[in-house]
file work08.cif (mmCIF, C-alpha atoms and all ligand atoms)
data_entry
#
loop_
_atom_site.label_atom_id
_atom_site.label_comp_id
_atom_site.auth_asym_id
_atom_site.auth_seq_id
_atom_site.Cartn_x
_atom_site.Cartn_y
_atom_site.Cartn_z
CA MET A 1 23.16 -12.35 37.01
CA LYS A 2 23.32 -16.13 37.01
CA LYS A 3 26.87 -17.36 37.61
CA GLU A 4 26.42 -20.74 35.95
CA LEU A 5 24.06 -21.69 33.16
CA ARG A 6 22.17 -24.80 32.18
CA VAL A 7 23.37 -25.18 28.59
CA ALA A 8 21.81 -27.37 25.88
CA ILE A 9 23.71 -28.28 22.72
CA LEU A 10 21.09 -28.98 20.04
CA GLY A 11 22.98 -31.10 17.49
CA ALA A 12 25.51 -32.37 20.05
CA THR A 13 26.49 -35.41 17.97
CA GLY A 14 27.32 -33.35 14.86
CA ARG A 15 30.59 -31.78 13.76
CA VAL A 16 29.76 -28.30 15.08
CA GLY A 17 28.09 -29.76 18.19
CA GLN A 18 31.26 -31.67 19.05
CA GLU A 19 33.30 -28.48 18.59
CA LEU A 20 30.87 -26.60 20.83
CA LEU A 21 31.49 -29.17 23.57
CA SER A 22 35.27 -28.70 23.22
CA VAL A 23 35.10 -24.90 23.16
CA LEU A 24 32.87 -24.75 26.26
CA GLU A 25 35.36 -26.94 28.10
CA GLN A 26 38.50 -25.17 26.81
CA ARG A 27 37.15 -21.73 27.74
CA ASN A 28 35.84 -22.95 31.06
CA PHE A 29 32.40 -21.56 30.27
CA PRO A 30 30.31 -21.57 33.48
CA VAL A 31 28.01 -24.56 32.97
CA SER A 32 25.94 -25.96 35.84
CA GLU A 33 24.35 -28.63 33.63
CA LEU A 34 25.18 -29.74 30.10
CA ILE A 35 22.26 -31.13 28.09
CA ALA A 36 23.03 -33.00 24.86
CA LEU A 37 20.28 -33.02 22.25
CA ALA A 38 20.07 -34.59 18.78
CA SER A 39 17.61 -36.53 16.61
CA ALA A 40 15.86 -39.82 17.35
CA ARG A 41 18.78 -41.50 15.55
CA SER A 42 21.14 -40.62 18.39
CA ALA A 43 18.72 -40.71 21.32
CA ASN A 44 20.06 -42.90 24.13
CA THR A 45 23.63 -42.74 22.84
CA PHE A 46 26.25 -40.71 24.71
CA VAL A 47 28.57 -37.78 24.08
CA GLU A 48 31.61 -37.05 26.24
CA TRP A 49 32.12 -33.79 28.05
CA LYS A 50 34.74 -33.05 30.70
CA GLY A 51 35.48 -36.78 30.94
CA LYS A 52 31.83 -37.65 31.66
CA LYS A 53 29.33 -39.48 29.48
CA ILE A 54 26.20 -37.48 28.81
CA GLU A 55 23.10 -39.17 27.44
CA VAL A 56 21.74 -37.71 24.21
CA LYS A 57 18.05 -36.86 24.22
CA GLU A 58 15.54 -35.55 21.71
CA PRO A 59 14.46 -31.93 22.31
CA THR A 60 11.24 -31.30 24.24
CA ASP A 61 9.56 -28.19 25.69
CA GLU A 62 10.10 -29.65 29.15
CA ILE A 63 13.87 -29.82 28.58
CA PHE A 64 13.99 -26.17 27.47
CA LYS A 65 11.91 -25.13 30.47
CA ASN A 66 14.81 -26.25 32.65
CA CYS A 67 17.53 -24.68 30.54
CA ASP A 68 19.04 -21.16 30.21
CA LEU A 69 21.01 -21.25 26.97
CA VAL A 70 20.68 -23.31 23.78
CA LEU A 71 23.57 -23.50 21.33
CA ALA A 72 21.95 -24.91 18.20
CA SER A 73 23.66 -26.65 15.29
CA ALA A 74 21.10 -29.15 14.06
CA GLY A 75 20.15 -27.55 10.74
CA GLY A 76 17.60 -25.00 9.59
CA SER A 77 14.36 -26.94 9.96
CA VAL A 78 15.21 -28.00 13.51
CA SER A 79 16.03 -24.40 14.51
CA LYS A 80 12.89 -23.11 12.85
CA GLU A 81 10.80 -25.46 14.93
CA TRP A 82 12.68 -25.34 18.23
CA GLY A 83 14.16 -21.83 18.32
CA PRO A 84 10.91 -19.96 19.07
CA ARG A 85 9.72 -22.81 21.35
CA ALA A 86 12.94 -22.70 23.40
CA VAL A 87 12.73 -18.90 23.71
CA LYS A 88 9.13 -19.24 24.85
CA GLN A 89 10.37 -21.50 27.63
CA GLY A 90 12.81 -18.76 28.71
CA CYS A 91 16.02 -19.82 26.93
CA VAL A 92 18.41 -17.69 24.94
CA PHE A 93 18.82 -19.55 21.62
CA ILE A 94 22.05 -18.98 19.65
CA ASP A 95 21.58 -20.53 16.24
CA ASN A 96 24.20 -21.73 13.76
CA SER A 97 21.76 -22.34 10.93
CA SER A 98 20.80 -19.74 8.32
CA THR A 99 17.11 -19.74 9.33
CA PHE A 100 16.91 -16.46 11.26
CA ARG A 101 20.03 -14.65 10.02
CA MET A 102 18.32 -12.10 7.78
CA ASP A 103 15.32 -11.58 10.09
CA LYS A 104 15.39 -7.89 11.01
CA ASP A 105 14.46 -8.65 14.62
CA VAL A 106 17.28 -11.17 15.08
CA PRO A 107 20.79 -9.85 15.70
CA LEU A 108 23.41 -11.46 13.45
CA ILE A 109 26.55 -11.29 15.51
CA VAL A 110 30.31 -11.56 15.21
CA PRO A 111 31.40 -10.31 18.65
CA GLU A 112 34.59 -8.68 17.33
CA VAL A 113 32.50 -6.66 14.87
CA ASN A 114 29.00 -5.87 16.22
CA ALA A 115 28.61 -7.24 19.76
CA HIS A 116 26.80 -4.03 20.78
CA GLU A 117 23.75 -5.19 18.76
CA LEU A 118 23.18 -7.86 21.40
CA GLU A 119 21.77 -5.18 23.70
CA ASN A 120 18.39 -5.49 21.96
CA HIS A 121 18.09 -9.22 21.51
CA ASN A 122 14.74 -10.99 21.95
CA GLY A 123 16.13 -14.38 22.86
CA LEU A 124 16.97 -15.53 19.33
CA ILE A 125 20.50 -14.70 18.17
CA ALA A 126 21.99 -15.80 14.85
CA ASN A 127 25.54 -16.95 14.20
CA PRO A 128 26.59 -16.02 10.65
CA ASN A 129 27.70 -18.34 7.88
CA CYS A 130 31.20 -19.75 8.46
CA SER A 131 32.75 -17.95 5.46
CA THR A 132 31.14 -14.66 6.44
CA ILE A 133 32.56 -14.59 9.97
CA GLN A 134 36.26 -14.72 9.05
CA LEU A 135 35.63 -12.27 6.19
CA VAL A 136 33.88 -9.55 8.22
CA VAL A 137 36.50 -9.63 10.98
CA VAL A 138 39.00 -8.49 8.33
CA LEU A 139 36.63 -6.19 6.41
CA LYS A 140 35.75 -4.28 9.59
CA VAL A 141 39.44 -3.36 10.08
CA LEU A 142 39.81 -2.30 6.44
CA HIS A 143 36.61 -0.26 6.57
CA GLU A 144 37.81 1.63 9.64
CA LEU A 145 41.21 2.16 8.04
CA ALA A 146 40.20 3.43 4.63
CA GLY A 147 36.49 2.88 3.85
CA LEU A 148 35.24 -0.12 1.89
CA LYS A 149 34.12 0.63 -1.65
CA ARG A 150 33.91 -2.83 -3.21
CA VAL A 151 34.73 -6.40 -2.14
CA VAL A 152 35.41 -9.43 -4.35
CA VAL A 153 35.76 -12.72 -2.47
CA SER A 154 36.41 -16.26 -3.67
CA THR A 155 36.12 -18.94 -1.00
CA TYR A 156 37.93 -22.27 -0.77
CA GLN A 157 35.76 -24.12 1.75
CA SER A 158 36.63 -27.36 3.52
CA VAL A 159 34.29 -30.35 3.55
CA SER A 160 33.67 -30.11 7.33
CA GLY A 161 31.56 -27.06 6.47
CA ALA A 162 29.02 -29.57 5.15
CA GLY A 163 28.98 -31.76 8.29
CA LYS A 164 30.23 -35.13 9.41
CA GLU A 165 28.89 -37.09 6.40
CA ALA A 166 30.86 -34.82 4.06
CA ILE A 167 34.11 -35.55 5.92
CA ASP A 168 33.38 -39.28 5.65
CA GLU A 169 32.73 -38.87 1.92
CA LEU A 170 36.08 -37.16 1.27
CA GLN A 171 37.94 -39.85 3.23
CA ALA A 172 36.08 -42.73 1.56
CA GLN A 173 36.48 -41.26 -1.94
CA THR A 174 40.19 -40.62 -1.39
CA LYS A 175 40.70 -44.30 -0.50
CA GLU A 176 38.66 -45.43 -3.52
CA VAL A 177 40.55 -43.25 -5.97
CA LEU A 178 43.95 -44.28 -4.56
CA ALA A 179 42.84 -47.91 -4.96
CA GLY A 180 42.17 -47.20 -8.65
CA ASN A 181 38.37 -47.09 -8.33
CA GLU A 182 35.89 -44.38 -9.25
CA ALA A 183 34.69 -41.90 -6.60
CA LYS A 184 30.92 -42.14 -6.07
CA PRO A 185 29.44 -38.81 -4.91
CA GLU A 186 26.50 -38.85 -2.49
CA VAL A 187 26.76 -35.80 -0.20
CA PHE A 188 28.26 -33.59 -2.92
CA LYS A 189 27.00 -33.30 -6.50
CA ARG A 190 30.39 -34.18 -7.97
CA PRO A 191 33.49 -36.09 -6.78
CA ILE A 192 35.35 -34.12 -4.09
CA ALA A 193 38.51 -36.25 -3.73
CA PHE A 194 41.32 -34.83 -5.92
CA ASN A 195 38.84 -32.28 -7.26
CA LEU A 196 37.03 -29.06 -6.33
CA ILE A 197 33.40 -28.07 -6.79
CA PRO A 198 32.24 -24.52 -7.65
CA GLN A 199 28.85 -25.07 -6.02
CA ILE A 200 27.95 -24.78 -2.32
CA ASP A 201 24.21 -24.96 -1.57
CA VAL A 202 21.68 -24.74 -4.39
CA PHE A 203 21.55 -22.21 -7.23
CA SER A 204 19.27 -19.21 -7.28
CA GLU A 205 17.69 -18.00 -10.52
CA ASP A 206 20.49 -15.51 -11.22
CA GLY A 207 23.25 -18.16 -11.13
CA TYR A 208 24.58 -17.35 -7.66
CA THR A 209 24.50 -20.17 -5.13
CA PHE A 210 22.76 -19.54 -1.81
CA GLU A 211 26.11 -19.85 -0.04
CA GLU A 212 27.35 -16.90 -2.12
CA ILE A 213 24.18 -14.94 -1.42
CA LYS A 214 24.60 -15.61 2.32
CA VAL A 215 28.14 -14.20 2.29
CA ILE A 216 26.94 -11.08 0.45
CA ASN A 217 23.80 -10.35 2.49
CA GLU A 218 25.21 -11.31 5.87
CA SER A 219 28.36 -9.21 5.40
CA ARG A 220 26.22 -6.17 4.60
CA LYS A 221 24.02 -6.74 7.67
CA ILE A 222 26.89 -7.34 10.13
CA LEU A 223 29.00 -4.44 8.88
CA GLY A 224 25.94 -2.18 8.79
CA ILE A 225 26.62 -1.21 5.15
CA PRO A 226 23.45 -2.26 3.30
CA GLU A 227 24.68 -0.89 -0.03
CA LEU A 228 28.15 -2.45 0.09
CA ALA A 229 29.27 -3.59 -3.39
CA ILE A 230 30.32 -7.18 -2.75
CA THR A 231 30.42 -10.30 -4.89
CA CYS A 232 31.36 -13.88 -4.06
CA THR A 233 32.25 -17.21 -5.66
CA ALA A 234 32.11 -20.12 -3.20
CA VAL A 235 34.07 -23.30 -3.92
CA ARG A 236 34.25 -26.59 -2.02
CA VAL A 237 37.80 -28.01 -1.85
CA PRO A 238 39.15 -31.36 -0.63
CA VAL A 239 40.37 -30.02 2.72
CA VAL A 240 38.98 -31.44 5.97
CA VAL A 241 39.02 -28.33 8.21
CA GLY A 242 39.71 -24.67 7.45
CA HIS A 243 38.13 -22.23 5.01
CA SER A 244 40.38 -20.00 2.89
CA GLU A 245 39.40 -16.84 1.05
CA SER A 246 41.00 -14.76 -1.66
CA VAL A 247 39.76 -11.23 -0.98
CA THR A 248 40.18 -8.11 -3.12
CA VAL A 249 38.99 -4.78 -1.75
CA ASP A 250 38.67 -1.38 -3.35
CA LEU A 251 39.05 1.29 -0.67
CA GLU A 252 37.92 4.92 -0.50
CA LYS A 253 41.37 6.11 0.54
CA LYS A 254 44.79 5.08 -0.70
CA VAL A 255 46.69 2.96 1.88
CA SER A 256 49.86 0.96 1.49
CA PRO A 257 50.09 -2.81 2.08
CA ALA A 258 52.31 -1.94 5.08
CA GLN A 259 49.52 0.16 6.63
CA VAL A 260 47.02 -2.66 6.03
CA ARG A 261 49.43 -5.16 7.57
CA GLU A 262 49.87 -2.97 10.64
CA SER A 263 46.15 -2.34 11.17
CA LEU A 264 45.32 -6.02 10.84
CA ALA A 265 48.18 -7.05 13.14
CA ASN A 266 46.90 -4.63 15.80
CA ASN A 267 43.54 -6.41 15.93
CA GLU A 268 43.35 -9.02 18.71
CA ALA A 269 41.29 -11.47 16.66
CA ILE A 270 43.73 -11.50 13.72
CA GLU A 271 47.21 -12.93 13.14
CA VAL A 272 49.19 -11.70 10.16
CA TRP A 273 51.49 -14.29 8.54
CA ASP A 274 52.97 -12.43 5.65
CA ASP A 275 56.57 -13.06 4.69
CA TRP A 276 56.46 -14.58 1.25
CA SER A 277 60.25 -14.78 1.03
CA LYS A 278 59.97 -17.53 3.65
CA ALA A 279 56.69 -19.00 2.32
CA HIS A 280 55.11 -17.65 5.50
CA PHE A 281 51.41 -17.44 4.76
CA PRO A 282 48.47 -19.25 6.38
CA THR A 283 47.12 -22.55 5.04
CA PRO A 284 44.14 -24.52 6.37
CA ILE A 285 46.40 -27.07 8.08
CA ASP A 286 48.07 -24.27 10.07
CA CYS A 287 44.73 -22.88 11.21
CA ALA A 288 42.74 -26.01 12.14
CA GLY A 289 42.06 -26.05 15.87
CA LYS A 290 43.22 -22.44 16.33
CA ASP A 291 41.29 -19.33 17.34
CA PRO A 292 42.65 -16.40 15.27
CA VAL A 293 41.64 -15.35 11.79
CA TYR A 294 44.89 -15.56 9.80
CA VAL A 295 45.77 -13.13 7.01
CA GLY A 296 48.64 -13.25 4.51
CA ARG A 297 49.59 -12.39 0.91
CA ILE A 298 48.77 -8.71 1.58
CA ARG A 299 49.64 -6.75 -1.52
CA LYS A 300 48.51 -3.98 -3.79
CA ASP A 301 45.94 -4.87 -6.43
CA THR A 302 47.84 -3.42 -9.35
CA SER A 303 44.70 -3.35 -11.52
CA SER A 304 42.98 -0.76 -9.34
CA GLU A 305 43.94 2.59 -7.82
CA ASN A 306 43.06 1.88 -4.19
CA GLY A 307 42.92 -1.90 -4.35
CA ILE A 308 44.39 -4.41 -1.90
CA ASN A 309 44.56 -8.22 -2.21
CA LEU A 310 44.57 -10.52 0.81
CA TRP A 311 44.42 -14.21 1.73
CA VAL A 312 42.26 -15.02 4.77
CA VAL A 313 42.14 -18.43 6.52
CA ALA A 314 40.33 -19.67 9.65
CA ASP A 315 39.01 -22.83 11.28
CA ASN A 316 35.41 -22.98 10.03
CA LEU A 317 34.24 -25.18 12.91
CA ARG A 318 35.65 -22.83 15.57
CA ILE A 319 35.75 -19.26 14.20
CA GLY A 320 33.01 -20.08 11.69
CA ALA A 321 30.63 -21.69 14.18
CA ALA A 322 31.36 -22.95 17.73
CA LEU A 323 33.80 -20.31 19.00
CA ASN A 324 31.70 -17.45 17.62
CA ALA A 325 28.60 -18.85 19.34
CA VAL A 326 30.39 -19.27 22.67
CA ARG A 327 31.89 -15.78 22.41
CA ILE A 328 28.36 -14.43 21.95
CA ALA A 329 27.26 -16.30 25.08
CA GLU A 330 30.28 -14.96 26.99
CA TYR A 331 29.36 -11.41 25.97
CA LEU A 332 25.75 -11.93 27.09
CA LEU A 333 26.96 -13.16 30.46
CA SER A 334 29.55 -10.46 31.00
CA HIS A 335 27.09 -7.71 30.02
CA ASP A 336 24.22 -9.10 32.05
CA LEU A 337 22.13 -9.79 28.95
CA MET A 338 21.05 -13.36 29.71
CA GLU A 339 18.03 -12.15 31.63
CA THR A 340 16.52 -10.44 28.56
CA LYS A 341 13.90 -13.09 28.15
CA LYS A 342 11.14 -11.44 26.20
CA VAL A 343 8.67 -14.02 24.95
CA LEU A 344 8.21 -14.06 21.18
CA ALA A 345 4.73 -13.05 20.05
N1 LIG B 401 30.21 -27.23 9.73
C1 LIG B 401 30.39 -25.93 9.71
O1 LIG B 401 31.51 -25.40 9.45
C2 LIG B 401 29.27 -25.00 10.02
C3 LIG B 401 29.56 -23.68 10.21
C4 LIG B 401 28.52 -22.79 10.48
C5 LIG B 401 27.24 -23.28 10.59
N2 LIG B 401 26.98 -24.61 10.40
C6 LIG B 401 25.59 -25.05 10.53
O2 LIG B 401 25.45 -25.85 11.71
C7 LIG B 401 24.47 -26.87 11.50
C8 LIG B 401 25.07 -28.25 11.79
O3 LIG B 401 26.22 -28.44 11.00
P1 LIG B 401 27.20 -29.68 11.24
O4 LIG B 401 28.30 -29.44 10.29
O5 LIG B 401 27.50 -29.91 12.67
O6 LIG B 401 26.26 -30.90 10.72
P2 LIG B 401 26.33 -32.45 11.12
O7 LIG B 401 27.71 -32.85 11.46
O8 LIG B 401 25.63 -33.16 10.02
O9 LIG B 401 25.43 -32.56 12.46
C9 LIG B 401 24.04 -32.34 12.48
C10 LIG B 401 23.52 -32.45 13.91
O10 LIG B 401 22.13 -32.13 13.93
C11 LIG B 401 21.41 -33.19 14.55
N3 LIG B 401 20.06 -33.31 14.01
C12 LIG B 401 19.71 -33.59 12.74
N4 LIG B 401 18.35 -33.64 12.63
C13 LIG B 401 17.85 -33.39 13.87
C14 LIG B 401 16.54 -33.35 14.41
N5 LIG B 401 15.46 -33.54 13.65
N6 LIG B 401 16.39 -33.06 15.72
C15 LIG B 401 17.47 -32.86 16.51
N7 LIG B 401 18.76 -32.92 16.06
C16 LIG B 401 18.94 -33.19 14.75
C17 LIG B 401 22.25 -34.43 14.25
O11 LIG B 401 21.90 -35.45 15.15
P3 LIG B 401 22.00 -37.02 14.74
O12 LIG B 401 23.37 -37.46 15.15
O13 LIG B 401 20.93 -37.62 15.61
O14 LIG B 401 21.74 -37.16 13.29
C18 LIG B 401 23.64 -33.84 14.49
O15 LIG B 401 23.89 -33.77 15.88
C19 LIG B 401 23.96 -26.64 10.07
O16 LIG B 401 22.83 -25.80 10.13
C20 LIG B 401 25.10 -25.94 9.40
O17 LIG B 401 24.68 -25.17 8.30
C21 LIG B 401 27.96 -25.48 10.14
#

call {"tool": "encode", "arguments": {"input": "work08.cif", "output": "structure tokens"}}
result
Amino acid sequence: MKKELRVAILGATGRVGQELLSVLEQRNFPVSELIALASARSANTFVEWKGKKIEVKEPTDEIFKNCDLVLASAGGSVSKEWGPRAVKQGCVFIDNSSTFRMDKDVPLIVPEVNAHELENHNGLIANPNCSTIQLVVVLKVLHELAGLKRVVVSTYQSVSGAGKEAIDELQAQTKEVLAGNEAKPEVFKRPIAFNLIPQIDVFSEDGYTFEEIKVINESRKILGIPELAITCTAVRVPVVVGHSESVTVDLEKKVSPAQVRESLANNEAIEVWDDWSKAHFPTPIDCAGKDPVYVGRIRKDTSSENGINLWVVADNLRIGAALNAVRIAEYLLSHDLMETKKVLA
């Protein structure tokens, strides 16, 4: 097993790429060489890592030939082109885009939920959608406790989920509106400052957005419950970092909110903040920059026999992207799975 890896960040100048750099440093991931990759726009600029300036390059086959691990966050079309090419050069490619997530030959992994599926990887590994990751960490616990029957989730997703230009848009619009001017949307379809938008990604023919469809399909795949009854409404809110979710579950067995609280609190990846008498519940500001999935407002759904309501919050850039990807890489290393370098046909 290699002790240190040559690691490329594809999309190193982006919001997730920057978080990947921080997470690798914070977790002291064993890196022998850090390679920063982005588009021609950023070529010859620099990113900082461990106090050093690293020149940004455009991806090439030659670069991937001299690399062990690629952490990709440069969008779907870039992953589609470079994922298979990087694997062909011998890299393991962990992808944050949605391109390969529903491919039956590509494991879709949240290490706290289905790390064992990494045993059979072919070099390409998919990181789920940011909203899905925090959701399935909680659903897995509830499924083991009492069996999931139906899930209804409404997301409240921060603008950083749409990248660095979206953060700039919220900040610029906020200034404009406070100065008495009109907000001019460019990244989003409608004004985001002092507003919210019930559309993330484009609409499918049945009126669901693709973000909602991702949450539904990816949750089923990760949990290994293809028939799970689950529905989603995804909403963009004027928050910079941190996705929140209102989740209602119908369970096979009757359990009390106290039992749910205890099971969730016993899970290492989850922190329960649930004392409403003291307004102790998680908000995005509490969770930005942190590693747990936070759960609060745990209560009985009084409209259903075995229903439970919860409020789930996590840092979308860490839990929802960078930290999940690095945890996958850590699992590969610790289980000697980096050498599984089968070349794609
Ligand atoms: N933000 C989240 O919470 C989140 C969570 C999960 C997954 N994701 C996914 O992660 C990806 C990146 O998201 P982000 O929020 O980091 O976006 P972002 O801030 O807009 O960054 C995009 C990155 O991709 C690079 N890039 C764009 N076109 C490229 C090309 N042709 N070749 C090489 N690099 C290219 C950009 O480089 P330049 O600087 O040169 O433009 C930049 O580094 C997306 O697929 C997104 O869906 C995001």

call {"tool": "closest_atom_pairs", "arguments": {"input": "work08.cif", "of": "chain A", "to": "ligand LIG 401 (chain B)", "cutoff": "6 Å", "atoms": "only C-alpha atoms and all ligand atoms", "output": "JSON lines"}}
result
{"residue": "A:Gly11", "atom": "CA", "partner": "B:LIG401", "partner_atom": "O15", "distance": 3.2}
{"residue": "A:Ala12", "atom": "CA", "partner": "B:LIG401", "partner_atom": "O15", "distance": 4.7}
{"residue": "A:Thr13", "atom": "CA", "partner": "B:LIG401", "partner_atom": "O15", "distance": 3.7}
{"residue": "A:Gly14", "atom": "CA", "partner": "B:LIG401", "partner_atom": "O9", "distance": 3.2}
{"residue": "A:Arg15", "atom": "CA", "partner": "B:LIG401", "partner_atom": "O5", "distance": 3.8}
{"residue": "A:Val16", "atom": "CA", "partner": "B:LIG401", "partner_atom": "O5", "distance": 3.7}
{"residue": "A:Gly17", "atom": "CA", "partner": "B:LIG401", "partner_atom": "O5", "distance": 5.6}
{"residue": "A:Ala38", "atom": "CA", "partner": "B:LIG401", "partner_atom": "N7", "distance": 3.5}
{"residue": "A:Ser39", "atom": "CA", "partner": "B:LIG401", "partner_atom": "O13", "distance": 3.6}
{"residue": "A:Ala40", "atom": "CA", "partner": "B:LIG401", "partner_atom": "O13", "distance": 5.8}
{"residue": "A:Arg41", "atom": "CA", "partner": "B:LIG401", "partner_atom": "O13", "distance": 4.4}
{"residue": "A:Ser42", "atom": "CA", "partner": "B:LIG401", "partner_atom": "O13", "distance": 4.1}
{"residue": "A:Ser73", "atom": "CA", "partner": "B:LIG401", "partner_atom": "C7", "distance": 3.9}
{"residue": "A:Ala74", "atom": "CA", "partner": "B:LIG401", "partner_atom": "O10", "distance": 3.2}
{"residue": "A:Gly75", "atom": "CA", "partner": "B:LIG401", "partner_atom": "O16", "distance": 3.3}
{"residue": "A:Gly76", "atom": "CA", "partner": "B:LIG401", "partner_atom": "O16", "distance": 5.3}
{"residue": "A:Val78", "atom": "CA", "partner": "B:LIG401", "partner_atom": "N5", "distance": 5.5}
{"residue": "A:Asn96", "atom": "CA", "partner": "B:LIG401", "partner_atom": "C5", "distance": 4.7}
{"residue": "A:Ser97", "atom": "CA", "partner": "B:LIG401", "partner_atom": "O16", "distance": 3.7}
{"residue": "A:Asn129", "atom": "CA", "partner": "B:LIG401", "partner_atom": "C4", "distance": 5.2}
{"residue": "A:Cys130", "atom": "CA", "partner": "B:LIG401", "partner_atom": "C4", "distance": 4.5}
{"residue": "A:Ser160", "atom": "CA", "partner": "B:LIG401", "partner_atom": "N1", "distance": 5.1}
{"residue": "A:Gly161", "atom": "CA", "partner": "B:LIG401", "partner_atom": "O1", "distance": 3.4}
{"residue": "A:Ala162", "atom": "CA", "partner": "B:LIG401", "partner_atom": "O4", "distance": 5.2}
{"residue": "A:Gly163", "atom": "CA", "partner": "B:LIG401", "partner_atom": "O4", "distance": 3.1}
{"residue": "A:Lys164", "atom": "CA", "partner": "B:LIG401", "partner_atom": "O7", "distance": 4.0}
{"residue": "A:Asn316", "atom": "CA", "partner": "B:LIG401", "partner_atom": "O1", "distance": 4.6}
{"residue": "A:Leu317", "atom": "CA", "partner": "B:LIG401", "partner_atom": "O1", "distance": 4.4}
{"residue": "A:Gly320", "atom": "CA", "partner": "B:LIG401", "partner_atom": "C3", "distance": 5.2}
{"residue": "A:Ala321", "atom": "CA", "partner": "B:LIG401", "partner_atom": "C4", "distance": 4.4}

call {"tool": "atom_distance", "arguments": {"input": "work08.cif", "atom1": "CA of Phe100 (chain A)", "atom2": "CA of Arg220 (chain A)"}}
result
15.4 Å

call {"tool": "residues_near_point", "arguments": {"input": "work08.cif", "point": "(42.0, -5.9, -2.2)", "cutoff": "7 Å", "atoms": "all atoms listed in the file", "output": "list in words"}}
result
Val247, Thr248, Val249, Asp250, Lys300, Asp301, Gly307, Ile308, Asn309 and Leu310 of chain A

call {"tool": "axis_aligned_box", "arguments": {"input": "work08.cif", "around": "region 14-31 of chain A", "padding_each_side": "3 Å", "output": "JSON"}}
result
{"center_x": 32.9, "center_y": -27.5, "center_z": 23.6, "size_x": 17.2, "size_y": 17.8, "size_z": 25.7}

call {"tool": "atom_distance", "arguments": {"input": "work08.cif", "atom1": "CA of Pro191 (chain A)", "atom2": "CA of Val240 (chain A)"}}
result
14.6 Å

call {"tool": "residues_around", "arguments": {"input": "work08.cif", "residues": "Ala146 (chain A)", "least_positions_apart": "2", "cutoff": "6 Å", "atoms": "all atoms listed in the file", "output": "mmCIF file with C-alpha atoms, keeping the file's coordinate frame"}}
result
data_model
loop_
_atom_site.group_PDB
_atom_site.id
_atom_site.type_symbol
_atom_site.label_atom_id
_atom_site.label_comp_id
_atom_site.auth_asym_id
_atom_site.auth_seq_id
_atom_site.Cartn_x
_atom_site.Cartn_y
_atom_site.Cartn_z
ATOM 1 C CA HIS A 143 36.610 -0.260 6.570
ATOM 2 C CA GLU A 144 37.810 1.630 9.640
ATOM 3 C CA LEU A 251 39.050 1.290 -0.670
ATOM 4 C CA GLU A 252 37.920 4.920 -0.500
ATOM 5 C CA LYS A 253 41.370 6.110 0.540
#

call {"tool": "closest_residue", "arguments": {"input": "work08.cif", "among": "A:Ala43, A:Ile125, A:Val151, A:Ala325", "to": "Gly83 (chain A)", "atoms": "only C-alpha atoms"}}
result
A:Ile125

call {"tool": "residues_around", "arguments": {"input": "work08.cif", "residues": "Ile54 (chain A)", "least_positions_apart": "6", "cutoff": "9 Å", "atoms": "all atoms listed in the file", "output": "PDB file with C-alpha atoms, in the coordinates of the input"}}
result
ATOM      1  CA  LEU A  34      25.180 -29.740  30.100  1.00  0.00           C
ATOM      2  CA  ILE A  35      22.260 -31.130  28.090  1.00  0.00           C
ATOM      3  CA  ALA A  36      23.030 -33.000  24.860  1.00  0.00           C
ATOM      4  CA  THR A  45      23.630 -42.740  22.840  1.00  0.00           C
ATOM      5  CA  PHE A  46      26.250 -40.710  24.710  1.00  0.00           C
ATOM      6  CA  VAL A  47      28.570 -37.780  24.080  1.00  0.00           C
ATOM      7  CA  GLU A  48      31.610 -37.050  26.240  1.00  0.00           C
TER       8      GLU A  48
END

call {"tool": "build_atoms", "arguments": {"input": "work08.cif", "residues": "region 159-167 of chain A", "atoms": "N, CA and C atoms", "output": "CSV table (one decimal), keeping the file's coordinate frame"}}
result
chain,number,residue,atom,x,y,z
A,159,VAL,N,35.5,-29.5,3.5
A,159,VAL,CA,34.3,-30.4,3.6
A,159,VAL,C,33.6,-30.4,4.9
A,160,SER,N,34.3,-30.1,6.0
A,160,SER,CA,33.7,-30.1,7.3
A,160,SER,C,32.6,-29.0,7.4
A,161,GLY,N,32.6,-28.1,6.5
A,161,GLY,CA,31.6,-27.1,6.5
A,161,GLY,C,30.2,-27.7,6.1
A,162,ALA,N,30.3,-28.9,5.5
A,162,ALA,CA,29.0,-29.6,5.2
A,162,ALA,C,28.7,-30.7,6.1
A,163,GLY,N,29.4,-30.8,7.3
A,163,GLY,CA,29.0,-31.8,8.3
A,163,GLY,C,29.8,-33.0,8.2
A,164,LYS,N,29.4,-33.9,9.2
A,164,LYS,CA,30.2,-35.1,9.4
A,164,LYS,C,30.2,-36.1,8.2
A,165,GLU,N,29.0,-36.2,7.5
A,165,GLU,CA,28.9,-37.1,6.4
A,165,GLU,C,29.8,-36.6,5.3
A,166,ALA,N,30.0,-35.3,5.1
A,166,ALA,CA,30.9,-34.8,4.1
A,166,ALA,C,32.3,-35.2,4.3
A,167,ILE,N,32.7,-35.2,5.6
A,167,ILE,CA,34.1,-35.6,5.9
A,167,ILE,C,34.3,-37.0,5.6
